[in-house]
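**Q** Here's a structure for you.
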Amino acid sequence: MFFRKCPFLLIFTLLATPLHAQDGEQLYGLYCAACHAPDGKGATGGAFPPLAGSEWVHGNPKRSVAIILKGIHGPIEVAGKSYNLAMPPQGDALGDDQIVAILNFVHKAWGNKGQDVPRDLVRVARAEFVSRTTPWTAPELLKILPLEKQPTALVNLTSRVYKGQWNQTPDFTKIQAENVEEEHSGILDTALAALKDDFGIVWEGDFMAPADGEYAFILDADDGAKLILNDQPIAEVKGLGPMDGSRVAKGKAALKAGANHVRIEYFQGKGNQGISLGWKIATATQWQWVSATTAKSTGGNPPIPLMPIDGKTVVYRNFIKGSTARGIGFGFPGEVNMVYSADNLAPELVWTGGFIDAGLHWTNRGQGFQSPMSEEVITLTKQRLLPPTARFKGYSLDAKGNPIFHVKINEQLLSDAFAPGPDGTLVRTLKLSGGTSALEIPLGDNPSVTTEKSVSLTPGKPVTITYKLR
Amino acid sequence: MRPLLILTALCTATLSQQKQSDFYTIESIPLPPDEVMEIGSIALMPGDKVAVTTRRGDLWICEGAYGDDLTKVKWTRFAHGLHEPLGMYWKDGSLYLTQRPEFSRLQDMDGDGSADVFETINSDWGINGDYHEYAFGTSPDKNGDVWITLCLTGSAGADSDWRGWTVRITPDGKMIPTCSGIRSPGGIGFNAEGDTFYTDNQGLWNGSSSLKWLKPGSFQGNPTGNKYHKLANLPAPPEPQDGSRVLTEHLKFPDYIPPAVVLPHGKVGQSPTAIVPDLSGGKFGPWAGQLYIGEQTHSQVQRVCLEKVNGIYQGAVFHFLEGFQCGIIPAKLDERGILFVGGSNRGWASRGNQPFHFDRVKWNGKTPFEIHTMSAQYDGFTLTFTEPVDQASAANPASYSMEAWTYILQKGYGSPEVDKATPIVKSATVAADGKSVRLVIDGLVRGHVHHLKAPGVKSTSGLTLWHPEAFYTLNEIPR
């Protein structure tokens with residue numbers, strides 16, 4: 001920073017020209033409003049994280065300073081919604097006084113009740129984080145500067161721990177609890193059981209409603225959970241599964257001000273565990289959490305499943321998990337699917353059932369590799385099997401939209417066609433043209449799909465292989 | 001009497017003010033219903049057709065985009081399953097695309113209106129699955145080569161071959177690594193003379209976004225991709241010194257070409273994109289031969305005039321068109337003077353609050369009173385104007401003011417404006433035809449952005465300038 005090299009000049013400037021104080025609102029408009037929107041609600045109808053009503057701008061102002069200085073990227077929860085974007089660091093572009101002015105504006109604007117930012121705080125934070133060269137991720141930052149806990153709405157809370165193996169929430173009234181505890185923290189946390197697998201917890205107590213009215217609840221769990229208020233079931237996360245937002249349950253209840261009897265049932269199968277429960281007055285925008293973790297209310301990306309249209313094969317060229325960055329996916333009619341790698345010049349993945357969910361790549365910036373919509377993907381090969389001189393020359397589509405890949409191998413051309421056959425089969429037709437050399441193409445080792453290990457091609461003589469995918 | 005005075009003052013102000021709708025009309029081109037049309041590239045085709053690609057990988061062809069009644073446009077999907085194309089042109093019956101993994105040619109062999117041949121012409125650069133590894137491509141240059149600029153891996157890496165480079169693809173499909181030092185391009189194109197430029201975004205080793213000249217063999221300032229000089233059997237340029245200035249490093253290593261025109265961060269934009277030369281011969285306003293630059297964050301189009309001084313490009317950027325509904329990514333100007341712009345704000349927000357858009361802009365033939373060009377002199381600048389200036393106001397040095405600054409060249413993200421100076425306009429001499437003014441200035445600073453404000457200058461008909469400011473990047477001071 002220029003200022004840092006000239007401390008004397010800075011002091012002189014501040015003393016001599018107090019009118020040069022920074023206008024936080026103006027700076028916000030210049031540097032921040034494009035993404036966070038002039039009204040603080042997040043640009044494009046909340047497609048970007050809001051600052052108005054955000055829990056991130058309340059409490060310790062150092063957290064806001066840290067984000068501005070170093071940027072933040074990756075998955076983040078803001079006001080009950082998931083985002084996966086990137087905010088570039090501003091610490092090398094904005095001066096201390098500018099950052100203070102922006103934050104003092106943001107912390108008081110739009111009904112926010114954030115704290116004043118002492119001017120020194122930016123200088124101190126710069127020194128503290130000086131060695132950090134990459135933007136924060138939300139978990140990293142929260143580890144050192146956690147969000148302030150709201151006073152919990154759960155009082156008189158008790159927990160009962162049960163042991164057992166279940167695939168769905170059992171009838172806990174018919175099982176003997178192993179242990180009963182009072183939970184004065186008023187926070188739901190599965191860690192209290194100190195068990196890894198095959199247990200259940202039932203919490204009971206009072207939900208203190210601040211006023212008469214309608215309340216909304218959000219529940220997520222790994223594995224299952226049930227929310228019961230005043231003896232009425234409100235929300236349930238059924239069966240086994242992850243707490244990744246894909247199984248979130250929401251519900252509403254009309255409540256009287258004061259104590260309302262609450263019962264939360266939870267069970268854990270194997271692997272990861274956890275429960276998230278949030279509430280709000282139905283018309284409010286921000287969830288209050290009464291659990292150690294918070295749910296992803298949006299369920300990550302909205303699903304955009306792709307499928308053949310009008311009986312024609314659908315193509316998806318993007319990063320597909322299990323193949324390379326130059327994978328090309330084809331969803332054939334009849335629920336037969338494949339990924340061809342233009343890096344490795346071979347079909348790499350085949351499967352039946354759903355094709356691809358484009359939600360990951362077609363939402364936010366689209367980072368990451370997307371898995372096929374099947375648990376049972378067959379990997380045919382994973383490496384390049386053709387000579388190093390082989391070059392991908394693209395593909396053509398037949399009248400039904402089925403691909404014929406073209407590979408140039410020295411002076412010869414290999415055409416490699418795929419089409420769906422009957423009963424979940426994929427028919428591959430290879431043809432070599434030009435020259436006189438024969439070519440041996442390994443097919444990998446998947447006896448359930450095809451018993452052939454390789455094909456021998458001579459120019460002009462097509463060879464057909466049928467892959468059995470079911 | 002006081003209210004009356006104020007009213008009179010207001011009326012005078014209104015009369016002398018020019019606004020965009022006096023000269024240009026932005027019209028939304030209706031898009032195919034129920035489709036997400038986040039436009040990444042535009043190609044002009046014969047028969048008044050316009051092709052667009054989307055970030056989702058579709059290619060649509062629009063008929064009627066030139067028509068008087070835009071409700072009659074007809075869209076046909078020509079292809080799908082493409083990998084985020086960010087460059088497209090039409091040539092001899094084919095559409096050529098710069099896709100993320102490759103440069104390709106699409107053809108419709110059976111004539112059913114949709115592509116059936118997707119030929120890979122070149123795919124010699126690396127991608128690894130990082131979303132940031134974008135590839136922006138041009139139309140062919142005068143030699144038939146297509147220029148493709150390859151964004152770094154993320155903000156700070158070059159994990160795949162040739163990230164941080166600009167390459168050329170020859171007509172026979174060979175790749176020539178051409179320039180290094182690239183950070184995060186938003187667009188690439190030619191100026192009217194056919195030299196190649198790209199826009200690079202503020203970030204590491206980029207104090208502000210800017211328009212940069214891709215002189216073959218040049219280094220553009222970000223050393224992250226320099227490990228690939230080895231692959232090209234070229235000597236790597238020296239790593240710039242962290243905390244230095246562009247000019248300092250350019251003087252040490254002349255092949256480090258300074259940005260032709262800095263687009264000051266925040267003041268002019270935050271994410272420059274498309275580069276469009278005006279080859280319409282004045283059909284889009286009196287700007288023949290100048291450049292237009294798309295701006296994603298601010299949803300604007302800026303205007304740039306360039307000149308070459310001591311062998312280096314430099315020039316001025318002016319505010320121009322604003323109020324687009326979304327962040328601009330591609331733009332193409334038709335020979336008849338219709339500017340097509342499209343865009344998206346997915347992942348990167350924009351002032352325009354629509355998730356995507358496709359617009360056309362037309363000039364109505366009326367000439368705004370505006371600074372036409374700004375060119376450097378050994379002791380100041382010459383401004384030319386679109387209309388004759390009023391002698392009294394334009395010859396008064398008090399009608400102008402100037403500030404100058406530069407940025408730190410640093411490993412960190414962006415830079416504040418530093419080394420601030422206040423050059424003084426000593427005199428302003430109006431040419432006999434009233435169309436230009438020669439400014440003599442004390443205190444020009446080589447390497448600095450010179451921000452000229454000219455709020456006091458009036459036309460002979462009493463108008464003030466539509467955009468009374470310019471930002472000139474003074475890489476070289478003429479001798």
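Within each chain, counting starts at residue 1; across the structure tokens, chains are named A, B, ... in the order shown, with ligands numbered 1 upward in that order.
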How close does chain A get to chain B? List, as JSON lines, each residue of chain A within 7 Å, its nearest atom pair and the distance in Å to one decimal, counting only C-alpha atoms.
**A**
```
{"residue": "A:Phe2", "atom": "CA", "partner": "B:Val418", "partner_atom": "CA", "distance": 6.2}
{"residue": "A:Leu30", "atom": "CA", "partner": "B:Gly266", "partner_atom": "CA", "distance": 5.6}
{"residue": "A:Tyr31", "atom": "CA", "partner": "B:Gly266", "partner_atom": "CA", "distance": 6.3}
{"residue": "A:Ala34", "atom": "CA", "partner": "B:Ser350", "partner_atom": "CA", "distance": 5.2}
{"residue": "A:Cys35", "atom": "CA", "partner": "B:Ala349", "partner_atom": "CA", "distance": 4.7}
{"residue": "A:Ala43", "atom": "CA", "partner": "B:Ala349", "partner_atom": "CA", "distance": 6.2}
{"residue": "A:Thr44", "atom": "CA", "partner": "B:Asn353", "partner_atom": "CA", "distance": 4.7}
{"residue": "A:Leu85", "atom": "CA", "partner": "B:Gly347", "partner_atom": "CA", "distance": 6.2}
{"residue": "A:Pro89", "atom": "CA", "partner": "B:Tyr413", "partner_atom": "CA", "distance": 6.2}
{"residue": "A:Gln90", "atom": "CA", "partner": "B:Tyr413", "partner_atom": "CA", "distance": 6.8}
{"residue": "A:Asp92", "atom": "CA", "partner": "B:Ser415", "partner_atom": "CA", "distance": 5.3}
{"residue": "A:Ala93", "atom": "CA", "partner": "B:Ser415", "partner_atom": "CA", "distance": 3.9}
{"residue": "A:Leu94", "atom": "CA", "partner": "B:Pro416", "partner_atom": "CA", "distance": 5.9}
{"residue": "A:Val315", "atom": "CA", "partner": "B:Gly81", "partner_atom": "CA", "distance": 4.6}
{"residue": "A:Tyr316", "atom": "CA", "partner": "B:Gly81", "partner_atom": "CA", "distance": 4.5}
{"residue": "A:Arg317", "atom": "CA", "partner": "B:Gly81", "partner_atom": "CA", "distance": 5.2}
{"residue": "A:Asn318", "atom": "CA", "partner": "B:His83", "partner_atom": "CA", "distance": 5.9}
{"residue": "A:Phe319", "atom": "CA", "partner": "B:Gly129", "partner_atom": "CA", "distance": 5.8}
{"residue": "A:Ala325", "atom": "CA", "partner": "B:Gly129", "partner_atom": "CA", "distance": 5.1}
{"residue": "A:Arg326", "atom": "CA", "partner": "B:Pro101", "partner_atom": "CA", "distance": 6.5}
{"residue": "A:Trp362", "atom": "CA", "partner": "B:Arg56", "partner_atom": "CA", "distance": 6.4}
{"residue": "A:Asn364", "atom": "CA", "partner": "B:Gly347", "partner_atom": "CA", "distance": 4.4}
{"residue": "A:Arg365", "atom": "CA", "partner": "B:Gly347", "partner_atom": "CA", "distance": 4.6}
{"residue": "A:Gly366", "atom": "CA", "partner": "B:Tyr131", "partner_atom": "CA", "distance": 6.3}
{"residue": "A:Gln367", "atom": "CA", "partner": "B:Tyr131", "partner_atom": "CA", "distance": 5.1}
{"residue": "A:Gly368", "atom": "CA", "partner": "B:Gly129", "partner_atom": "CA", "distance": 6.5}
{"residue": "A:Phe369", "atom": "CA", "partner": "B:Gly129", "partner_atom": "CA", "distance": 6.9}
{"residue": "A:Phe392", "atom": "CA", "partner": "B:Thr120", "partner_atom": "CA", "distance": 6.8}
{"residue": "A:Lys393", "atom": "CA", "partner": "B:Thr120", "partner_atom": "CA", "distance": 4.7}
{"residue": "A:Gly394", "atom": "CA", "partner": "B:Glu119", "partner_atom": "CA", "distance": 4.4}
{"residue": "A:Tyr395", "atom": "CA", "partner": "B:Phe118", "partner_atom": "CA", "distance": 5.2}
{"residue": "A:Ser396", "atom": "CA", "partner": "B:Val117", "partner_atom": "CA", "distance": 4.3}
{"residue": "A:Leu397", "atom": "CA", "partner": "B:Asp116", "partner_atom": "CA", "distance": 4.8}
{"residue": "A:Asp398", "atom": "CA", "partner": "B:Asp116", "partner_atom": "CA", "distance": 7.0}
```
**Q** Please return as a PDB file with N, CA, C and O atoms, in the first residue's frame: the residues of stretch 234-414 of chain B that backbone DSSP assigns to alpha helix (DSSP H).
**A**
```pdb
ATOM      1  N   VAL B 246       3.914  -0.844 -13.543  1.00  0.00           N
ATOM      2  CA  VAL B 246       3.964  -1.400 -14.900  1.00  0.00           C
ATOM      3  C   VAL B 246       5.075  -0.738 -15.710  1.00  0.00           C
ATOM      4  O   VAL B 246       5.860  -1.415 -16.376  1.00  0.00           O
ATOM      5  N   LEU B 247       5.152   0.593 -15.624  1.00  0.00           N
ATOM      6  CA  LEU B 247       6.153   1.305 -16.422  1.00  0.00           C
ATOM      7  C   LEU B 247       7.568   0.860 -16.059  1.00  0.00           C
ATOM      8  O   LEU B 247       8.395   0.608 -16.940  1.00  0.00           O
ATOM      9  N   THR B 248       7.819   0.759 -14.753  1.00  0.00           N
ATOM     10  CA  THR B 248       9.154   0.340 -14.291  1.00  0.00           C
ATOM     11  C   THR B 248       9.531  -1.009 -14.896  1.00  0.00           C
ATOM     12  O   THR B 248      10.647  -1.207 -15.384  1.00  0.00           O
ATOM     13  N   GLU B 249       8.585  -1.944 -14.848  1.00  0.00           N
ATOM     14  CA  GLU B 249       8.886  -3.293 -15.347  1.00  0.00           C
ATOM     15  C   GLU B 249       8.979  -3.309 -16.874  1.00  0.00           C
ATOM     16  O   GLU B 249       9.752  -4.063 -17.448  1.00  0.00           O
ATOM     17  N   HIS B 250       8.189  -2.490 -17.526  1.00  0.00           N
ATOM     18  CA  HIS B 250       8.248  -2.391 -18.990  1.00  0.00           C
ATOM     19  C   HIS B 250       9.612  -1.857 -19.436  1.00  0.00           C
ATOM     20  O   HIS B 250      10.184  -2.317 -20.427  1.00  0.00           O
ATOM     21  N   LEU B 251      10.131  -0.892 -18.671  1.00  0.00           N
ATOM     22  CA  LEU B 251      11.432  -0.327 -19.039  1.00  0.00           C
ATOM     23  C   LEU B 251      12.544  -1.354 -18.851  1.00  0.00           C
ATOM     24  O   LEU B 251      13.521  -1.372 -19.597  1.00  0.00           O
ATOM     25  N   LYS B 252      12.380  -2.239 -17.859  1.00  0.00           N
ATOM     26  CA  LYS B 252      13.369  -3.305 -17.657  1.00  0.00           C
ATOM     27  C   LYS B 252      13.265  -4.364 -18.738  1.00  0.00           C
ATOM     28  O   LYS B 252      14.247  -4.992 -19.122  1.00  0.00           O
ATOM     29  N   GLN B 391     -16.068  28.880 -28.575  1.00  0.00           N
ATOM     30  CA  GLN B 391     -14.707  29.392 -28.391  1.00  0.00           C
ATOM     31  C   GLN B 391     -14.433  29.820 -26.958  1.00  0.00           C
ATOM     32  O   GLN B 391     -13.440  29.419 -26.354  1.00  0.00           O
ATOM     33  N   ALA B 392     -15.356  30.561 -26.377  1.00  0.00           N
ATOM     34  CA  ALA B 392     -15.103  31.125 -25.043  1.00  0.00           C
ATOM     35  C   ALA B 392     -14.910  30.038 -23.998  1.00  0.00           C
ATOM     36  O   ALA B 392     -13.942  30.050 -23.238  1.00  0.00           O
ATOM     37  N   SER B 393     -15.803  29.062 -23.980  1.00  0.00           N
ATOM     38  CA  SER B 393     -15.704  28.040 -22.937  1.00  0.00           C
ATOM     39  C   SER B 393     -14.558  27.081 -23.212  1.00  0.00           C
ATOM     40  O   SER B 393     -13.832  26.678 -22.299  1.00  0.00           O
ATOM     41  N   ALA B 394     -14.370  26.705 -24.480  1.00  0.00           N
ATOM     42  CA  ALA B 394     -13.368  25.691 -24.795  1.00  0.00           C
ATOM     43  C   ALA B 394     -11.949  26.238 -24.698  1.00  0.00           C
ATOM     44  O   ALA B 394     -10.998  25.476 -24.519  1.00  0.00           O
TER      45      ALA B 394
END
```
**Q** Write out as a list in words the residues lying within 7 Å of A:Val78, counting only C-alpha atoms and excluding same-chain residues fewer than 3 positions away.
**A**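 Residues meeting the cut-off are Pro49, Ser54, Lys81 and Ser82 of chain A.
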**Q** Counting only C-alpha atoms, what is within 12 Å of B:Asn191, bar same-chain residues fewer than 2 positions away, as a compact mmCIF listing (two decimals) with N, CA, C and O atoms, in the first residue's frame?
**A**
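Now in out_14.txt:
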```txt
# COMPACT_ATOMS: atom_id res chain seq x y z
N THR B 138 -11.52 -15.37 -31.14
CA THR B 138 -11.87 -14.33 -32.12
C THR B 138 -12.45 -14.96 -33.39
O THR B 138 -12.52 -16.18 -33.53
N ASP B 141 -8.15 -13.64 -38.16
CA ASP B 141 -7.47 -12.38 -38.46
C ASP B 141 -7.12 -12.33 -39.95
O ASP B 141 -7.53 -13.20 -40.72
N LYS B 142 -6.31 -11.35 -40.34
CA LYS B 142 -6.04 -11.19 -41.78
C LYS B 142 -5.28 -12.38 -42.36
O LYS B 142 -5.32 -12.62 -43.56
N ILE B 188 -11.92 -10.94 -26.36
CA ILE B 188 -10.77 -10.78 -27.25
C ILE B 188 -11.28 -10.34 -28.61
O ILE B 188 -12.37 -10.75 -29.02
N GLY B 189 -10.52 -9.48 -29.28
CA GLY B 189 -10.97 -9.00 -30.59
C GLY B 189 -9.89 -8.14 -31.23
O GLY B 189 -8.79 -8.00 -30.70
N GLU B 193 -7.39 -1.70 -37.30
CA GLU B 193 -6.20 -2.02 -38.09
C GLU B 193 -5.94 -3.52 -38.13
O GLU B 193 -5.03 -3.97 -38.83
N GLY B 194 -6.66 -4.28 -37.34
CA GLY B 194 -6.48 -5.73 -37.36
C GLY B 194 -5.51 -6.25 -36.31
O GLY B 194 -5.20 -7.44 -36.29
N ASP B 195 -5.01 -5.38 -35.44
CA ASP B 195 -4.20 -5.88 -34.32
C ASP B 195 -5.13 -6.45 -33.24
O ASP B 195 -6.28 -6.04 -33.12
N THR B 196 -4.57 -7.38 -32.46
CA THR B 196 -5.41 -8.12 -31.52
C THR B 196 -5.28 -7.56 -30.11
O THR B 196 -4.18 -7.24 -29.65
N PHE B 197 -6.40 -7.46 -29.45
CA PHE B 197 -6.47 -6.96 -28.07
C PHE B 197 -7.33 -7.92 -27.25
O PHE B 197 -8.15 -8.66 -27.78
N TYR B 198 -7.12 -7.90 -25.94
CA TYR B 198 -8.05 -8.61 -25.05
C TYR B 198 -8.29 -7.74 -23.84
O TYR B 198 -7.55 -6.79 -23.57
N LEU B 211 -7.60 -2.85 -21.17
CA LEU B 211 -7.57 -3.34 -22.54
C LEU B 211 -6.10 -3.52 -22.91
O LEU B 211 -5.31 -2.57 -22.80
N LYS B 212 -5.72 -4.72 -23.33
CA LYS B 212 -4.30 -4.99 -23.56
C LYS B 212 -4.05 -5.41 -25.01
O LYS B 212 -4.86 -6.13 -25.60
N TRP B 213 -2.91 -4.98 -25.51
CA TRP B 213 -2.53 -5.28 -26.90
C TRP B 213 -1.73 -6.58 -26.91
O TRP B 213 -0.69 -6.69 -26.27
N LEU B 214 -2.23 -7.55 -27.68
CA LEU B 214 -1.57 -8.85 -27.78
C LEU B 214 -0.56 -8.82 -28.92
O LEU B 214 -0.72 -9.47 -29.95
N ALA B 260 -2.89 -1.10 -23.02
CA ALA B 260 -3.11 0.02 -23.95
C ALA B 260 -4.01 1.06 -23.30
O ALA B 260 -3.73 2.25 -23.37
N ALA B 274 -16.35 -7.95 -24.11
CA ALA B 274 -16.21 -7.96 -25.57
C ALA B 274 -15.42 -6.77 -26.11
O ALA B 274 -15.44 -5.68 -25.54
N ILE B 275 -14.72 -7.00 -27.21
CA ILE B 275 -14.00 -5.94 -27.93
C ILE B 275 -14.55 -5.89 -29.34
O ILE B 275 -14.51 -6.89 -30.06
N VAL B 276 -15.09 -4.74 -29.71
CA VAL B 276 -15.76 -4.62 -31.00
C VAL B 276 -15.22 -3.41 -31.75
O VAL B 276 -15.38 -2.29 -31.29
N PRO B 277 -14.54 -3.62 -32.89
CA PRO B 277 -14.12 -2.46 -33.67
C PRO B 277 -15.29 -1.91 -34.47
O PRO B 277 -16.14 -2.67 -34.93
N ASP B 278 -15.34 -0.59 -34.62
CA ASP B 278 -16.40 0.01 -35.43
C ASP B 278 -15.94 0.04 -36.89
O ASP B 278 -15.18 0.92 -37.29
N LEU B 279 -16.38 -0.96 -37.66
CA LEU B 279 -16.06 -1.03 -39.08
C LEU B 279 -17.30 -0.70 -39.90
O LEU B 279 -17.42 -1.08 -41.06
N ALA B 288 -16.24 5.88 -36.37
CA ALA B 288 -15.62 4.91 -37.27
C ALA B 288 -14.18 4.64 -36.85
O ALA B 288 -13.41 5.56 -36.56
N GLY B 289 -13.81 3.37 -36.80
CA GLY B 289 -12.44 3.00 -36.48
C GLY B 289 -12.16 2.90 -35.00
O GLY B 289 -11.10 2.42 -34.60
N GLN B 290 -13.09 3.32 -34.15
CA GLN B 290 -12.85 3.21 -32.70
C GLN B 290 -13.30 1.84 -32.19
O GLN B 290 -13.77 1.00 -32.96
N LEU B 291 -13.14 1.61 -30.90
CA LEU B 291 -13.48 0.32 -30.30
C LEU B 291 -14.61 0.50 -29.30
O LEU B 291 -14.68 1.53 -28.62
N TYR B 292 -15.43 -0.54 -29.18
CA TYR B 292 -16.39 -0.60 -28.07
C TYR B 292 -16.00 -1.77 -27.18
O TYR B 292 -15.57 -2.81 -27.66
N ILE B 293 -16.16 -1.55 -25.88
CA ILE B 293 -15.80 -2.57 -24.90
C ILE B 293 -17.05 -2.90 -24.07
O ILE B 293 -17.67 -2.00 -23.51
N VAL B 304 -13.58 3.43 -26.88
CA VAL B 304 -12.13 3.60 -26.75
C VAL B 304 -11.56 4.15 -28.05
O VAL B 304 -11.92 3.68 -29.13
N CYS B 305 -10.70 5.17 -27.95
CA CYS B 305 -9.92 5.56 -29.12
C CYS B 305 -8.45 5.25 -28.83
O CYS B 305 -7.97 5.42 -27.71
N LEU B 306 -7.79 4.69 -29.83
CA LEU B 306 -6.41 4.24 -29.67
C LEU B 306 -5.49 5.01 -30.59
O LEU B 306 -5.89 5.48 -31.64
N GLU B 307 -4.24 5.11 -30.19
CA GLU B 307 -3.19 5.60 -31.08
C GLU B 307 -1.92 4.87 -30.72
O GLU B 307 -1.80 4.28 -29.65
N TYR B 313 0.73 0.90 -28.25
CA TYR B 313 -0.66 1.39 -28.26
C TYR B 313 -1.01 2.05 -26.94
O TYR B 313 -0.63 1.59 -25.87
```
**Q** I need the residues in stretch 103-352 of chain B that are strand (DSSP E) according to DSSP; give them as a PyMOL selection string.
**A** chain B and resi 103-107+117-122+135-140+146-150+165-169+175-180+185-190+196-200+210-213+261-262+272-277+291-295+300-309+312-321+328-333+338-344
**Q** Give the answer as one residue: which of A:Val449, A:Ala52, A:Leu414, A:Ile175 has the shortest atom-to-atom distance to A:Val427, using only C-alpha atoms?
**A**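 Of all the options, A:Val449 lies closest to A:Val427.
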**Q** Please identify all polymer residues within 6 Å of stretch 368-379 of chain B, counting only C-alpha atoms, omitting same-chain residues fewer than 6 positions from it, and present them as a ChimeraX atom specification.
**A** /B:385-387,440-441,465-466,477-479
**Q** Residues at most 10 Å from stretch 109-111 of chain A, counting only C-alpha atoms, excluding those fewer than 4 positions away in the same chain, as a compact mmCIF listing (two decimals) with all heavy atoms, in the first residue's frame?
**A**
```
# COMPACT_ATOMS: atom_id res chain seq x y z
N GLU A 25 -21.56 4.85 1.92
CA GLU A 25 -22.64 4.49 1.02
C GLU A 25 -22.20 4.60 -0.44
O GLU A 25 -22.49 3.74 -1.27
CB GLU A 25 -23.86 5.38 1.27
CG GLU A 25 -25.05 5.00 0.40
CD GLU A 25 -26.34 5.69 0.81
OE1 GLU A 25 -26.28 6.59 1.68
OE2 GLU A 25 -27.39 5.33 0.25
N ASP A 39 -29.89 -2.40 -2.58
CA ASP A 39 -30.74 -2.51 -1.40
C ASP A 39 -30.24 -3.59 -0.42
O ASP A 39 -30.93 -3.94 0.54
CB ASP A 39 -32.19 -2.80 -1.80
CG ASP A 39 -32.34 -4.11 -2.56
OD1 ASP A 39 -31.33 -4.85 -2.71
OD2 ASP A 39 -33.45 -4.39 -3.02
N GLY A 40 -29.03 -4.13 -0.69
CA GLY A 40 -28.44 -5.08 0.24
C GLY A 40 -29.06 -6.47 0.20
O GLY A 40 -28.67 -7.35 0.97
N LYS A 41 -30.00 -6.68 -0.72
CA LYS A 41 -30.71 -7.97 -0.71
C LYS A 41 -30.06 -9.02 -1.61
O LYS A 41 -30.60 -10.12 -1.77
CB LYS A 41 -32.17 -7.76 -1.12
CG LYS A 41 -32.97 -7.04 -0.03
CD LYS A 41 -34.42 -6.86 -0.43
CE LYS A 41 -35.21 -6.16 0.68
NZ LYS A 41 -36.49 -5.67 0.19
N LEU A 51 -26.70 -8.81 2.26
CA LEU A 51 -26.09 -8.25 3.47
C LEU A 51 -27.18 -7.74 4.41
O LEU A 51 -26.99 -7.69 5.62
CB LEU A 51 -25.13 -7.12 3.12
CG LEU A 51 -23.92 -7.55 2.26
CD1 LEU A 51 -23.08 -6.34 1.88
CD2 LEU A 51 -23.07 -8.58 2.98
N ALA A 52 -28.32 -7.37 3.82
CA ALA A 52 -29.45 -6.94 4.65
C ALA A 52 -29.98 -8.16 5.40
O ALA A 52 -30.33 -9.16 4.80
CB ALA A 52 -30.56 -6.35 3.77
N GLY A 53 -29.98 -8.05 6.73
CA GLY A 53 -30.49 -9.16 7.53
C GLY A 53 -29.58 -10.37 7.58
O GLY A 53 -29.99 -11.43 8.03
N LEU A 103 -18.00 -0.70 5.83
CA LEU A 103 -18.61 -1.56 6.86
C LEU A 103 -19.51 -0.78 7.80
O LEU A 103 -20.57 -1.27 8.20
CB LEU A 103 -17.51 -2.28 7.64
CG LEU A 103 -16.94 -3.49 6.90
CD1 LEU A 103 -15.83 -4.14 7.72
CD2 LEU A 103 -18.03 -4.51 6.60
N ASN A 104 -19.12 0.43 8.13
CA ASN A 104 -19.98 1.21 9.00
C ASN A 104 -21.29 1.54 8.31
O ASN A 104 -22.33 1.64 8.96
CB ASN A 104 -19.28 2.48 9.48
CG ASN A 104 -18.37 2.18 10.67
OD1 ASN A 104 -18.62 1.22 11.41
ND2 ASN A 104 -17.32 2.96 10.84
N PHE A 105 -21.26 1.66 7.00
CA PHE A 105 -22.52 1.82 6.27
C PHE A 105 -23.32 0.51 6.29
O PHE A 105 -24.48 0.48 6.70
CB PHE A 105 -22.23 2.25 4.82
CG PHE A 105 -23.43 2.13 3.94
CD1 PHE A 105 -24.50 3.01 4.05
CD2 PHE A 105 -23.50 1.12 2.98
CE1 PHE A 105 -25.62 2.89 3.25
CE2 PHE A 105 -24.62 0.99 2.18
CZ PHE A 105 -25.68 1.87 2.31
```
**Q** Counting only C-alpha atoms, what is within 7 Å of A:Glu265, bar same-chain residues fewer than 2 positions away, as a list in words?
**A**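 Returned residues: Ile201, Val202, Trp203, Ala225, Lys226, Leu227 and Arg263 of chain A.
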**Q** Between A:Pro139, A:Pro210, A:Gly434, A:Gly354, which residue has the minimum interatomic distance to A:Ile72, considering only C-alpha atoms?
**A**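 Answer, going by the shortest atom-to-atom distance: A:Pro139.
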